[in-house]
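Reproduced below: my_file-v5.tsv, with TSV, C-alpha atoms and all ligand atoms.
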```
chain	number	residue	atom	x	y	z
A	1	MET	CA	-11.83	0.93	-28.82
A	2	ASP	CA	-12.37	-1.91	-26.40
A	3	GLU	CA	-13.98	-0.16	-23.44
A	4	GLU	CA	-12.88	-2.84	-21.05
A	5	LEU	CA	-9.14	-2.77	-21.59
A	6	ARG	CA	-7.79	-1.20	-18.44
A	7	CYS	CA	-4.42	-0.24	-17.08
A	8	ILE	CA	-3.39	-2.83	-14.51
A	9	GLY	CA	-1.64	-0.12	-12.48
A	10	CYS	CA	-4.40	2.40	-11.93
A	11	GLY	CA	-7.51	0.83	-13.42
A	12	ALA	CA	-8.14	3.64	-15.93
A	13	VAL	CA	-9.64	2.68	-19.29
A	14	LEU	CA	-6.79	2.72	-21.82
A	15	GLN	CA	-7.12	5.35	-24.51
A	16	SER	CA	-4.89	7.02	-27.07
A	17	ASP	CA	-6.87	10.21	-27.70
A	18	ASN	CA	-5.76	12.49	-24.92
A	19	GLU	CA	-2.24	12.38	-23.59
A	20	ASP	CA	-3.18	14.39	-20.52
A	21	ALA	CA	-6.10	12.20	-19.54
A	22	ALA	CA	-6.04	9.06	-17.43
A	23	GLY	CA	-5.22	5.79	-19.15
A	24	PHE	CA	-3.27	7.27	-22.06
A	25	LEU	CA	-1.24	4.87	-24.18
A	26	PRO	CA	0.22	5.77	-27.61
A	27	GLN	CA	-1.90	4.40	-30.46
A	28	SER	CA	0.75	1.86	-31.54
A	29	ALA	CA	1.06	0.42	-28.03
A	30	LEU	CA	-2.69	0.38	-27.61
A	31	THR	CA	-3.21	-1.45	-30.90
A	32	LYS	CA	-0.54	-3.95	-29.88
A	33	ALA	CA	-2.20	-4.47	-26.51
A	34	LEU	CA	-5.61	-4.92	-28.11
A	35	ASN	CA	-4.24	-7.60	-30.40
A	36	SER	CA	-2.33	-9.43	-27.74
A	37	ASP	CA	-3.28	-11.95	-25.06
A	38	ASP	CA	-1.04	-10.17	-22.58
A	39	GLN	CA	-3.25	-8.65	-19.92
A	40	GLU	CA	-0.40	-6.84	-18.18
A	41	VAL	CA	-0.84	-3.48	-19.85
A	42	TYR	CA	0.06	-0.24	-18.11
A	43	CYS	CA	-0.99	3.22	-19.17
A	44	LYS	CA	1.88	5.55	-19.95
A	45	ARG	CA	1.71	7.15	-16.53
A	46	CYS	CA	2.02	3.88	-14.64
A	47	PHE	CA	4.59	2.53	-17.07
A	48	ARG	CA	6.80	5.59	-16.58
A	49	LEU	CA	6.54	5.34	-12.84
A	50	ARG	CA	7.53	1.72	-12.79
A	51	HIS	CA	10.28	1.79	-15.37
A	52	TYR	CA	11.76	5.27	-15.35
A	53	ASN	CA	11.11	6.28	-11.80
A	54	GLU	CA	9.22	9.23	-13.15
A	55	ILE	CA	6.45	10.32	-10.87
A	56	MET	CA	3.45	11.56	-12.71
A	57	PRO	CA	1.67	14.31	-10.82
A	58	VAL	CA	-1.20	12.30	-9.38
A	59	GLU	CA	-1.55	14.70	-6.49
A	60	LEU	CA	-2.14	17.77	-8.62
A	61	ASN	CA	-5.58	19.35	-8.78
A	62	ASN	CA	-5.94	18.99	-12.52
A	63	ASP	CA	-5.13	15.32	-12.37
A	64	ASP	CA	-7.94	13.05	-13.43
A	65	PHE	CA	-7.72	10.83	-10.40
A	66	LEU	CA	-7.79	13.67	-7.98
A	67	SER	CA	-10.70	15.36	-9.72
A	68	LEU	CA	-12.52	12.06	-9.50
A	69	LEU	CA	-11.82	11.94	-5.80
A	70	ASN	CA	-12.66	15.60	-5.42
A	71	SER	CA	-16.07	14.96	-6.91
A	72	LEU	CA	-16.78	12.95	-3.77
A	73	SER	CA	-17.02	16.05	-1.64
A	74	THR	CA	-20.08	17.15	-3.60
A	75	LYS	CA	-21.94	13.87	-3.13
A	76	LYS	CA	-23.46	12.20	-0.14
A	77	ALA	CA	-21.24	9.20	0.32
A	78	LEU	CA	-19.53	6.96	2.80
A	79	VAL	CA	-15.84	6.94	1.94
A	80	VAL	CA	-13.77	3.85	2.71
A	81	ASN	CA	-10.01	4.34	2.60
A	82	VAL	CA	-8.43	0.91	2.28
A	83	VAL	CA	-4.89	0.92	3.67
A	84	ASP	CA	-2.12	-1.63	4.00
A	85	VAL	CA	-1.35	-2.18	7.68
A	86	PHE	CA	2.23	-2.93	6.62
A	87	ASP	CA	2.62	0.35	4.85
A	88	PHE	CA	0.08	2.37	6.74
A	89	ASN	CA	1.67	5.80	6.78
A	90	ASN	CA	2.26	5.62	3.07
A	91	SER	CA	-1.01	4.15	2.00
A	92	LEU	CA	-3.17	6.52	4.03
A	93	ILE	CA	-4.33	9.16	1.57
A	94	SER	CA	-3.14	12.44	3.02
A	95	SER	CA	-5.44	14.52	0.83
A	96	LEU	CA	-8.45	12.54	2.03
A	97	LYS	CA	-9.63	15.35	4.25
A	98	ARG	CA	-9.98	17.64	1.26
A	99	PHE	CA	-12.12	15.39	-0.86
A	100	VAL	CA	-14.20	13.72	1.78
A	101	GLY	CA	-15.98	17.03	2.47
A	102	ASN	CA	-18.69	16.59	5.06
A	103	ASN	CA	-18.96	12.88	4.42
A	104	ASP	CA	-18.01	10.23	6.92
A	105	PHE	CA	-15.06	8.09	6.16
A	106	ILE	CA	-13.73	4.89	7.65
A	107	LEU	CA	-10.33	3.27	7.53
A	108	VAL	CA	-10.04	-0.36	6.55
A	109	GLY	CA	-6.62	-1.76	7.42
A	110	ASN	CA	-5.97	-4.74	5.16
A	111	LYS	CA	-3.45	-7.61	5.39
A	112	ILE	CA	-3.97	-8.07	9.12
A	113	ASP	CA	-3.29	-11.77	8.56
A	114	LEU	CA	0.41	-10.88	8.34
A	115	PHE	CA	0.73	-9.29	11.75
A	116	PRO	CA	2.53	-11.46	14.30
A	117	LEU	CA	0.05	-13.81	15.93
A	118	ASN	CA	0.32	-12.23	19.38
A	119	SER	CA	-0.49	-8.68	18.20
A	120	LYS	CA	-3.52	-7.00	19.74
A	121	GLU	CA	-5.98	-5.58	17.24
A	122	SER	CA	-6.96	-2.85	19.71
A	123	LYS	CA	-3.35	-1.62	19.83
A	124	ILE	CA	-3.07	-1.62	16.06
A	125	LYS	CA	-6.29	0.38	15.78
A	126	ASP	CA	-5.12	2.87	18.42
A	127	TRP	CA	-1.92	3.43	16.47
A	128	MET	CA	-3.84	3.87	13.20
A	129	ARG	CA	-6.17	6.37	14.82
A	130	GLN	CA	-3.30	8.37	16.31
A	131	GLU	CA	-1.48	8.50	12.99
A	132	ALA	CA	-4.64	9.52	11.14
A	133	ASN	CA	-5.37	12.22	13.72
A	134	ARG	CA	-1.82	13.49	13.39
A	135	MET	CA	-2.57	14.04	9.70
A	136	GLY	CA	-5.82	15.84	10.53
A	137	LEU	CA	-7.99	12.86	9.61
A	138	TYR	CA	-10.75	11.66	11.93
A	139	PRO	CA	-12.10	8.30	10.77
A	140	LYS	CA	-15.55	7.41	12.04
A	141	ASP	CA	-14.53	3.79	12.44
A	142	ILE	CA	-11.53	1.59	11.87
A	143	PHE	CA	-11.68	-2.01	10.68
A	144	LEU	CA	-8.86	-4.52	10.51
A	145	ILE	CA	-9.38	-7.16	7.89
A	146	SER	CA	-7.71	-9.63	5.66
A	147	ALA	CA	-9.23	-9.50	2.21
A	148	ALA	CA	-7.21	-12.52	1.13
A	149	LYS	CA	-8.25	-14.65	4.10
A	150	LYS	CA	-11.68	-13.04	4.40
A	151	ARG	CA	-11.01	-12.22	8.04
A	152	ASN	CA	-13.48	-9.79	9.67
A	153	LEU	CA	-15.10	-9.37	6.28
A	154	THR	CA	-18.62	-10.16	7.40
A	155	ASP	CA	-18.46	-7.44	10.06
A	156	LEU	CA	-17.29	-4.93	7.49
A	157	ILE	CA	-20.03	-5.89	5.02
A	158	LYS	CA	-22.71	-5.60	7.73
A	159	TYR	CA	-21.36	-2.19	8.68
A	160	LEU	CA	-21.37	-1.00	5.07
A	161	ASP	CA	-24.87	-2.29	4.59
A	162	ARG	CA	-26.11	-0.46	7.70
A	163	ASN	CA	-24.36	2.75	6.74
A	164	SER	CA	-25.34	2.90	3.10
A	165	GLN	CA	-29.08	3.17	3.52
A	166	ASP	CA	-29.10	6.68	2.08
A	167	GLN	CA	-25.79	6.89	0.26
A	168	ASP	CA	-23.27	5.09	-1.93
A	169	VAL	CA	-20.04	3.65	-0.55
A	170	TYR	CA	-16.80	4.76	-2.27
A	171	PHE	CA	-13.66	2.69	-1.93
A	172	VAL	CA	-10.45	4.66	-2.33
A	173	GLY	CA	-6.86	3.59	-1.87
A	174	THR	CA	-3.34	3.74	-3.18
A	175	THR	CA	-2.20	0.84	-5.34
A	176	ASN	CA	-1.17	-2.47	-3.82
A	177	VAL	CA	-3.14	-2.10	-0.58
A	178	GLY	CA	-5.37	-4.97	-1.66
A	179	LYS	CA	-8.39	-2.93	-2.71
A	180	SER	CA	-9.15	-5.16	-5.70
A	181	THR	CA	-8.80	-8.27	-3.55
A	182	LEU	CA	-11.22	-6.71	-1.06
A	183	ILE	CA	-13.77	-5.71	-3.69
A	184	ASN	CA	-13.62	-9.19	-5.17
A	185	ALA	CA	-13.99	-10.76	-1.72
A	186	ILE	CA	-17.02	-8.58	-1.03
A	187	ILE	CA	-18.59	-9.51	-4.37
A	188	ASP	CA	-17.92	-13.12	-3.54
A	189	GLU	CA	-19.52	-12.84	-0.09
A	190	MET	CA	-22.54	-11.08	-1.55
A	191	GLY	CA	-23.26	-14.08	-3.77
A	192	ASP	CA	-24.81	-14.08	-7.23
A	193	VAL	CA	-21.35	-13.18	-8.44
A	194	GLU	CA	-21.75	-13.87	-12.09
A	195	ASN	CA	-24.83	-11.79	-12.36
A	196	LEU	CA	-23.26	-8.93	-10.47
A	197	ILE	CA	-20.19	-8.83	-12.61
A	198	THR	CA	-21.85	-9.18	-15.96
A	199	THR	CA	-24.54	-6.65	-15.21
A	200	SER	CA	-22.61	-4.11	-13.22
A	201	ARG	CA	-18.94	-4.01	-13.96
A	202	PHE	CA	-17.66	-1.24	-16.14
A	203	PRO	CA	-21.03	0.37	-16.63
A	204	GLY	CA	-19.48	2.83	-19.05
A	205	THR	CA	-19.06	5.75	-16.72
A	206	THR	CA	-16.44	8.30	-17.65
A	207	LEU	CA	-14.89	8.24	-14.21
A	208	ASP	CA	-13.29	4.82	-14.25
A	209	GLN	CA	-15.49	3.60	-11.46
A	210	ILE	CA	-16.66	0.07	-10.95
A	211	LYS	CA	-20.10	0.00	-9.37
A	212	ILE	CA	-21.49	-2.92	-7.44
A	213	PRO	CA	-25.19	-2.72	-6.62
A	214	LEU	CA	-26.28	-3.31	-3.04
A	215	ASP	CA	-29.60	-4.79	-2.03
A	216	ASN	CA	-30.67	-1.43	-0.64
A	217	GLY	CA	-30.48	0.25	-4.04
A	218	HIS	CA	-27.18	1.97	-3.40
A	219	PHE	CA	-23.76	1.09	-4.78
A	220	LEU	CA	-20.30	0.10	-3.71
A	221	VAL	CA	-18.05	2.12	-5.98
A	222	ASP	CA	-14.46	1.12	-6.63
A	223	THR	CA	-12.21	3.99	-7.75
A	224	PRO	CA	-8.84	3.65	-9.48
A	225	GLY	CA	-5.85	3.00	-7.24
A	226	ILE	CA	-3.68	6.05	-6.69
A	227	MET	CA	0.03	5.60	-7.20
A	228	THR	CA	2.24	7.45	-4.78
A	229	GLN	CA	5.97	7.89	-4.71
A	230	LYS	CA	5.97	6.97	-1.04
A	231	GLN	CA	5.36	3.28	-1.57
A	232	LEU	CA	8.15	0.86	-2.25
A	233	ALA	CA	5.60	-1.02	-4.33
A	234	SER	CA	5.77	1.75	-6.92
A	235	TYR	CA	9.43	1.01	-7.61
A	236	LEU	CA	9.67	-2.77	-7.57
A	237	ASP	CA	8.53	-5.23	-10.16
A	238	LYS	CA	6.14	-8.03	-9.37
A	239	GLN	CA	8.86	-10.59	-8.71
A	240	ASP	CA	10.64	-8.37	-6.17
A	241	LEU	CA	7.33	-7.42	-4.59
A	242	ASP	CA	6.57	-11.09	-4.14
A	243	LEU	CA	9.93	-11.57	-2.45
A	244	ILE	CA	9.41	-8.84	0.13
A	245	ALA	CA	5.73	-9.50	0.79
A	246	PRO	CA	5.34	-11.81	3.76
A	247	LYS	CA	3.20	-14.85	3.03
A	248	LYS	CA	2.54	-15.88	6.61
A	249	PRO	CA	2.19	-14.06	9.93
A	250	LEU	CA	5.51	-12.46	10.78
A	251	LYS	CA	7.69	-14.27	13.26
A	252	PRO	CA	10.29	-12.42	15.32
A	253	ALA	CA	13.98	-12.96	14.58
A	254	THR	CA	16.21	-11.53	17.29
A	255	TYR	CA	19.67	-10.09	16.67
A	256	GLN	CA	22.03	-9.17	19.51
A	257	LEU	CA	23.73	-5.99	18.42
A	258	ASN	CA	26.52	-3.79	19.69
A	259	SER	CA	26.70	-0.17	18.70
A	260	GLY	CA	28.76	0.14	15.56
A	261	GLN	CA	26.90	-2.74	13.91
A	262	THR	CA	24.52	-2.61	10.97
A	263	LEU	CA	21.68	-4.81	9.79
A	264	PHE	CA	20.70	-4.91	6.13
A	265	LEU	CA	17.19	-5.97	5.21
A	266	ALA	CA	18.17	-7.39	1.82
A	267	GLY	CA	19.08	-4.45	-0.44
A	268	LEU	CA	16.11	-2.36	0.61
A	269	GLY	CA	16.54	-1.41	4.23
A	270	ARG	CA	19.37	-0.75	6.64
A	271	ILE	CA	19.70	0.02	10.35
A	272	ASP	CA	22.88	1.31	11.94
A	273	TYR	CA	23.08	0.88	15.70
A	274	VAL	CA	24.73	4.20	16.54
A	275	ALA	CA	24.73	4.35	20.36
A	276	GLY	CA	23.61	2.23	23.29
A	277	GLU	CA	24.48	-0.90	25.29
A	278	LYS	CA	24.58	-4.35	23.71
A	279	THR	CA	20.91	-5.18	23.15
A	280	SER	CA	18.49	-7.13	20.99
A	281	PHE	CA	16.79	-5.85	17.86
A	282	THR	CA	13.76	-7.91	16.86
A	283	VAL	CA	13.20	-8.13	13.13
A	284	TYR	CA	9.73	-8.81	11.68
A	285	VAL	CA	10.05	-9.34	7.92
A	286	ALA	CA	9.16	-12.04	5.37
A	287	ARG	CA	10.80	-15.29	6.40
A	288	ASP	CA	12.81	-15.59	3.21
A	289	LEU	CA	14.09	-12.04	3.25
A	290	TYR	CA	17.85	-11.98	3.62
A	291	VAL	CA	19.03	-10.13	6.74
A	292	HIS	CA	22.75	-9.41	6.96
A	293	ARG	CA	24.76	-8.13	9.94
A	294	THR	CA	28.00	-6.24	9.41
A	295	LYS	CA	30.13	-3.50	10.93
A	296	THR	CA	28.78	-0.03	10.26
A	297	GLU	CA	32.21	1.17	9.18
A	298	ASN	CA	32.13	-1.39	6.36
A	299	ALA	CA	28.45	-1.04	5.54
A	300	ASP	CA	28.65	1.50	2.70
A	301	ALA	CA	31.32	-0.51	0.88
A	302	PHE	CA	29.42	-3.73	1.55
A	303	TYR	CA	26.24	-2.28	0.09
A	304	GLU	CA	28.01	-0.99	-3.02
A	305	LYS	CA	29.69	-4.35	-3.57
A	306	HIS	CA	26.71	-6.60	-2.89
A	307	LYS	CA	23.57	-4.72	-3.85
A	308	GLY	CA	21.74	-6.73	-6.46
A	309	ASP	CA	23.48	-10.03	-5.62
A	310	LEU	CA	23.77	-10.92	-1.92
A	311	LEU	CA	21.61	-7.94	-0.97
A	312	THR	CA	18.62	-8.77	-3.07
A	313	PRO	CA	15.80	-7.82	-3.67
A	314	PRO	CA	15.91	-5.61	-5.56
A	315	ARG	CA	17.52	-7.67	-8.31
A	316	GLY	CA	18.33	-4.59	-10.34
A	317	ASN	CA	18.15	-1.22	-8.66
A	318	GLU	CA	18.40	1.19	-11.53
A	319	ASN	CA	14.88	2.41	-10.68
A	320	LEU	CA	15.41	2.87	-6.99
A	321	PRO	CA	16.11	6.26	-5.47
A	322	ALA	CA	19.29	6.45	-3.35
A	323	MET	CA	19.12	5.36	0.29
A	324	HIS	CA	17.86	8.09	2.57
A	325	LYS	CA	19.02	8.25	6.20
A	326	GLN	CA	16.82	9.05	9.18
A	327	THR	CA	18.01	9.18	12.81
A	328	TYR	CA	15.81	7.95	15.68
A	329	HIS	CA	16.32	8.15	19.43
A	330	PRO	CA	13.11	6.75	20.91
A	331	GLU	CA	12.20	7.28	24.56
A	332	VAL	CA	10.03	4.17	24.64
A	333	LYS	CA	10.39	0.71	23.15
A	334	SER	CA	9.56	1.30	19.49
A	335	ASP	CA	9.03	-0.28	16.10
A	336	LEU	CA	11.11	1.10	13.25
A	337	LEU	CA	8.87	0.94	10.19
A	338	PHE	CA	10.11	-0.22	6.83
A	339	GLY	CA	6.97	0.31	4.77
A	340	GLY	CA	6.10	-2.70	2.67
A	341	ILE	CA	8.89	-4.81	4.19
A	342	GLY	CA	8.09	-5.07	7.90
A	343	PHE	CA	9.35	-3.56	11.13
A	344	VAL	CA	12.13	-3.86	13.69
A	345	THR	CA	11.55	-3.48	17.43
A	346	ILE	CA	14.23	-1.64	19.37
A	347	PRO	CA	14.49	-0.76	23.08
A	348	ALA	CA	14.08	2.71	24.54
A	349	GLY	CA	17.09	4.99	24.73
A	350	VAL	CA	19.16	3.72	21.82
A	351	VAL	CA	20.20	5.81	18.83
A	352	VAL	CA	19.81	4.33	15.36
A	353	ASN	CA	19.98	5.45	11.76
A	354	THR	CA	17.57	3.81	9.36
A	355	TYR	CA	17.79	3.83	5.59
A	356	LEU	CA	15.27	3.17	2.86
A	357	PRO	CA	15.41	4.09	-0.83
A	358	GLY	CA	14.35	7.72	-1.05
A	359	GLY	CA	13.14	7.49	2.54
A	360	ILE	CA	10.09	5.63	1.25
A	361	GLY	CA	8.04	4.11	4.00
A	362	GLN	CA	10.29	5.20	6.87
A	363	GLY	CA	8.69	5.76	10.24
A	364	ILE	CA	8.50	4.84	13.89
A	365	ARG	CA	5.75	3.94	16.36
A	366	ARG	CA	5.44	2.85	19.96
A	367	ALA	CA	6.12	-0.90	19.95
A	368	LEU	CA	2.94	-2.86	19.27
A	369	ILE	CA	4.18	-6.08	20.84
B	1	LIG	P1	-4.77	-3.09	-5.22
B	1	LIG	O1	-3.68	-2.54	-6.08
B	1	LIG	O2	-5.02	-2.24	-4.02
B	1	LIG	O3	-6.03	-3.41	-5.94
B	1	LIG	O4	-4.18	-4.45	-4.60
B	1	LIG	P2	-4.38	-5.98	-5.00
B	1	LIG	O5	-5.74	-6.44	-4.62
B	1	LIG	O6	-3.93	-6.19	-6.38
B	1	LIG	O7	-3.35	-6.64	-3.96
B	1	LIG	C1	-2.01	-6.23	-3.88
B	1	LIG	C2	-1.16	-7.33	-3.28
B	1	LIG	O8	-1.55	-7.53	-1.91
B	1	LIG	C3	-1.34	-8.67	-3.95
B	1	LIG	O9	-0.09	-9.31	-3.99
B	1	LIG	C4	-2.31	-9.41	-3.05
B	1	LIG	O10	-2.13	-10.80	-3.11
B	1	LIG	C5	-1.92	-8.89	-1.69
B	1	LIG	N1	-3.04	-8.91	-0.75
B	1	LIG	C6	-4.27	-8.41	-0.93
B	1	LIG	N2	-5.04	-8.60	0.16
B	1	LIG	C7	-4.27	-9.25	1.07
B	1	LIG	C8	-4.49	-9.74	2.39
B	1	LIG	O11	-5.54	-9.63	2.99
B	1	LIG	N3	-3.42	-10.34	3.01
B	1	LIG	C9	-2.22	-10.49	2.38
B	1	LIG	N4	-1.26	-11.11	3.07
B	1	LIG	N5	-1.99	-10.05	1.14
B	1	LIG	C10	-2.99	-9.44	0.49
```
Would you put the structure from the file into structure tokens?
Amino acid sequence: MDEELRCIGCGAVLQSDNEDAAGFLPQSALTKALNSDDQEVYCKRCFRLRHYNEIMPVELNNDDFLSLLNSLSTKKALVVNVVDVFDFNNSLISSLKRFVGNNDFILVGNKIDLFPLNSKESKIKDWMRQEANRMGLYPKDIFLISAAKKRNLTDLIKYLDRNSQDQDVYFVGTTNVGKSTLINAIIDEMGDVENLITTSRFPGTTLDQIKIPLDNGHFLVDTPGIMTQKQLASYLDKQDLDLIAPKKPLKPATYQLNSGQTLFLAGLGRIDYVAGEKTSFTVYVARDLYVHRTKTENADAFYEKHKGDLLTPPRGNENLPAMHKQTYHPEVKSDLLFGGIGFVTIPAGVVVNTYLPGGIGQGIRRALI
């Protein structure tokens, strides 16, 4: 078997020997993949998740990914949880506490280039720390970076270098947070790229880890991305993901709303303004994302009629769980979070209902801007 053929969803080496192990693909599909130029090959687990909305139990103890992560608690290591600042609550690994053991861990918030230009990094970090603490996680440090734009990357690399004098550095993260982009950017910054990749990638470990040697004799270790059912990214195909992912820093779009009105964020998000004076809702989403205002009393019928055409993405929504409603009544000016799509700032005192498929990525925070 070609050792280097990996699932593009989770990074596991594809194999057809053990159906319960990571990277399983039936022999026929594996043979086809090996003989094809198509690099977009998913293991059965990732394929099922994407196409049949079937969540494989990645959070169970006997799962290969989790046992890999669990093995961290027995090593001396610095653990780096890479998260997506646009989908923070869902990309933070809740079981981190269990597998970090006595090791230090840091949070690296990626995609900071997309935050509105006037956002304060200190406020974003405060929010991340509060959320992490709320989940019982106490990161030693928090970095905000853009892997794609290489923003704040040098600081992170210096930090990792300083803190890996007597231990390896393990990168963990759910899929789509930009972990691969970050690892590649780090390799790039470290120079001598070709040599690094040819000598060190896929060193044949059984744990699906990619090890990058550091000058100090230790390693940066990339672990497979963990898929979770809490990320919208797990349900959309690449084309839809491209449509919802902002390309540039988010710009506010303000909507004057009366109670009884509804905003649709394409076919993926919805806010009903339930109670309050006429006021403005400020929407921060990708510039091309279609936002539609309608009366709440017509909203259900409108959604049924127009999902998949006017309300798109998603283009087809056979995979998506049904919309899940959540009511908020914030006492301070707040951001309603639509994980993976963006956020909407609302004033204090109003009552709103928000909807996302399966409740994925729903949340609220004190307004950052
Ligand atoms: P992984 O699954 O965690 O390895 O994520 P990838 O590295 O494949 O990235 C997932 C998506 O996020 C891709 O569409 C990337 O282009 C995008 N991405 C990664 N890093 C950044 C970043 O710093 N800024 C922005 N705006 N997008 C990013």
Distance limit 7 Å, reference ligand LIG 1 (chain B), atoms considered: only C-alpha atoms and all ligand atoms. Which residues make the cut? Give them as a ChimeraX atom specification. /A:110-114,145-149,173-182,225,242,246-247
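Compared by their closest atoms to A:Leu160, and using only C-alpha atoms, the residues A:Lys120, A:Ile93, A:Val80, A:Phe88 rank with A:Val80 nearest.
Shortest separation to A:Gly276 among A:Thr345, A:Gln326, A:Val351, A:Asp335 occurs at residue A:Val351, atoms counted being only C-alpha atoms.
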So that I can check the surroundings of A:Met135, please list as a JSON list (two decimals) with C-alpha atoms, in the coordinates of the input every protein, DNA and RNA residue that reaches within 10 Å of it, counting all atoms listed in the file and ignoring chain neighbours fewer than 5 positions away.
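Everything below was put into result_3.json:
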```json
[["chain", "number", "residue", "atom", "x", "y", "z"],
["A", 89, "ASN", "CA", 1.67, 5.80, 6.78],
["A", 92, "LEU", "CA", -3.17, 6.52, 4.03],
["A", 93, "ILE", "CA", -4.33, 9.16, 1.57],
["A", 94, "SER", "CA", -3.14, 12.44, 3.02],
["A", 95, "SER", "CA", -5.44, 14.52, 0.83],
["A", 96, "LEU", "CA", -8.45, 12.54, 2.03],
["A", 97, "LYS", "CA", -9.63, 15.35, 4.25],
["A", 129, "ARG", "CA", -6.17, 6.37, 14.82],
["A", 130, "GLN", "CA", -3.30, 8.37, 16.31]]
```
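Using only C-alpha atoms for every distance, the candidate list A:Gln165, A:Asn102, A:Thr254, A:Gln15 yields A:Asn102 as the residue closest to A:Tyr138.
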Give me the residues within 12 Å of A:Asn18 as a PyMOL selection string, counting only C-alpha atoms and dropping any in the same chain fewer than 6 places off. chain A and resi 24-27+43-44+64
For A:His306, work out the shell of residues within 10 Å, counting all atoms listed in the file and skipping chain neighbours fewer than 5 positions away, then give it as a PyMOL selection string. chain A and resi 266-267+301+311-312
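In this structure, atom CA of A:Lys150 sits 11.7 Å away from atom CA of A:Ile187.
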Reconstructed N, CA and C atoms for stretch 151-165 of chain A, given as a JSON list (two decimals), in the frame of the given file:
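Output (selection12.json):
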```json
[["chain", "number", "residue", "atom", "x", "y", "z"],
["A", 151, "ARG", "N", -10.87, -12.39, 6.58],
["A", 151, "ARG", "CA", -11.01, -12.22, 8.04],
["A", 151, "ARG", "C", -11.73, -10.91, 8.33],
["A", 152, "ASN", "N", -12.68, -10.96, 9.25],
["A", 152, "ASN", "CA", -13.48, -9.79, 9.67],
["A", 152, "ASN", "C", -14.29, -9.17, 8.52],
["A", 153, "LEU", "N", -14.42, -9.92, 7.45],
["A", 153, "LEU", "CA", -15.10, -9.37, 6.28],
["A", 153, "LEU", "C", -16.60, -9.21, 6.51],
["A", 154, "THR", "N", -17.17, -10.20, 7.18],
["A", 154, "THR", "CA", -18.62, -10.16, 7.40],
["A", 154, "THR", "C", -19.00, -8.93, 8.22],
["A", 155, "ASP", "N", -18.18, -8.62, 9.24],
["A", 155, "ASP", "CA", -18.46, -7.44, 10.06],
["A", 155, "ASP", "C", -18.42, -6.17, 9.21],
["A", 156, "LEU", "N", -17.43, -6.12, 8.34],
["A", 156, "LEU", "CA", -17.29, -4.93, 7.49],
["A", 156, "LEU", "C", -18.50, -4.82, 6.56],
["A", 157, "ILE", "N", -18.90, -5.93, 5.96],
["A", 157, "ILE", "CA", -20.03, -5.89, 5.02],
["A", 157, "ILE", "C", -21.31, -5.46, 5.74],
["A", 158, "LYS", "N", -21.51, -5.99, 6.95],
["A", 158, "LYS", "CA", -22.71, -5.60, 7.73],
["A", 158, "LYS", "C", -22.68, -4.11, 8.00],
["A", 159, "TYR", "N", -21.52, -3.62, 8.37],
["A", 159, "TYR", "CA", -21.36, -2.19, 8.68],
["A", 159, "TYR", "C", -21.70, -1.36, 7.44],
["A", 160, "LEU", "N", -21.15, -1.77, 6.30],
["A", 160, "LEU", "CA", -21.37, -1.00, 5.07],
["A", 160, "LEU", "C", -22.84, -1.02, 4.70],
["A", 161, "ASP", "N", -23.46, -2.16, 4.90],
["A", 161, "ASP", "CA", -24.87, -2.29, 4.59],
["A", 161, "ASP", "C", -25.69, -1.32, 5.46],
["A", 162, "ARG", "N", -25.39, -1.35, 6.77],
["A", 162, "ARG", "CA", -26.11, -0.46, 7.70],
["A", 162, "ARG", "C", -25.91, 1.01, 7.37],
["A", 163, "ASN", "N", -24.69, 1.33, 6.92],
["A", 163, "ASN", "CA", -24.36, 2.75, 6.74],
["A", 163, "ASN", "C", -24.52, 3.24, 5.31],
["A", 164, "SER", "N", -25.16, 2.43, 4.48],
["A", 164, "SER", "CA", -25.34, 2.90, 3.10],
["A", 164, "SER", "C", -26.82, 2.99, 2.75],
["A", 165, "GLN", "N", -27.64, 3.13, 3.79],
["A", 165, "GLN", "CA", -29.08, 3.17, 3.52],
["A", 165, "GLN", "C", -29.47, 4.39, 2.69]]
```
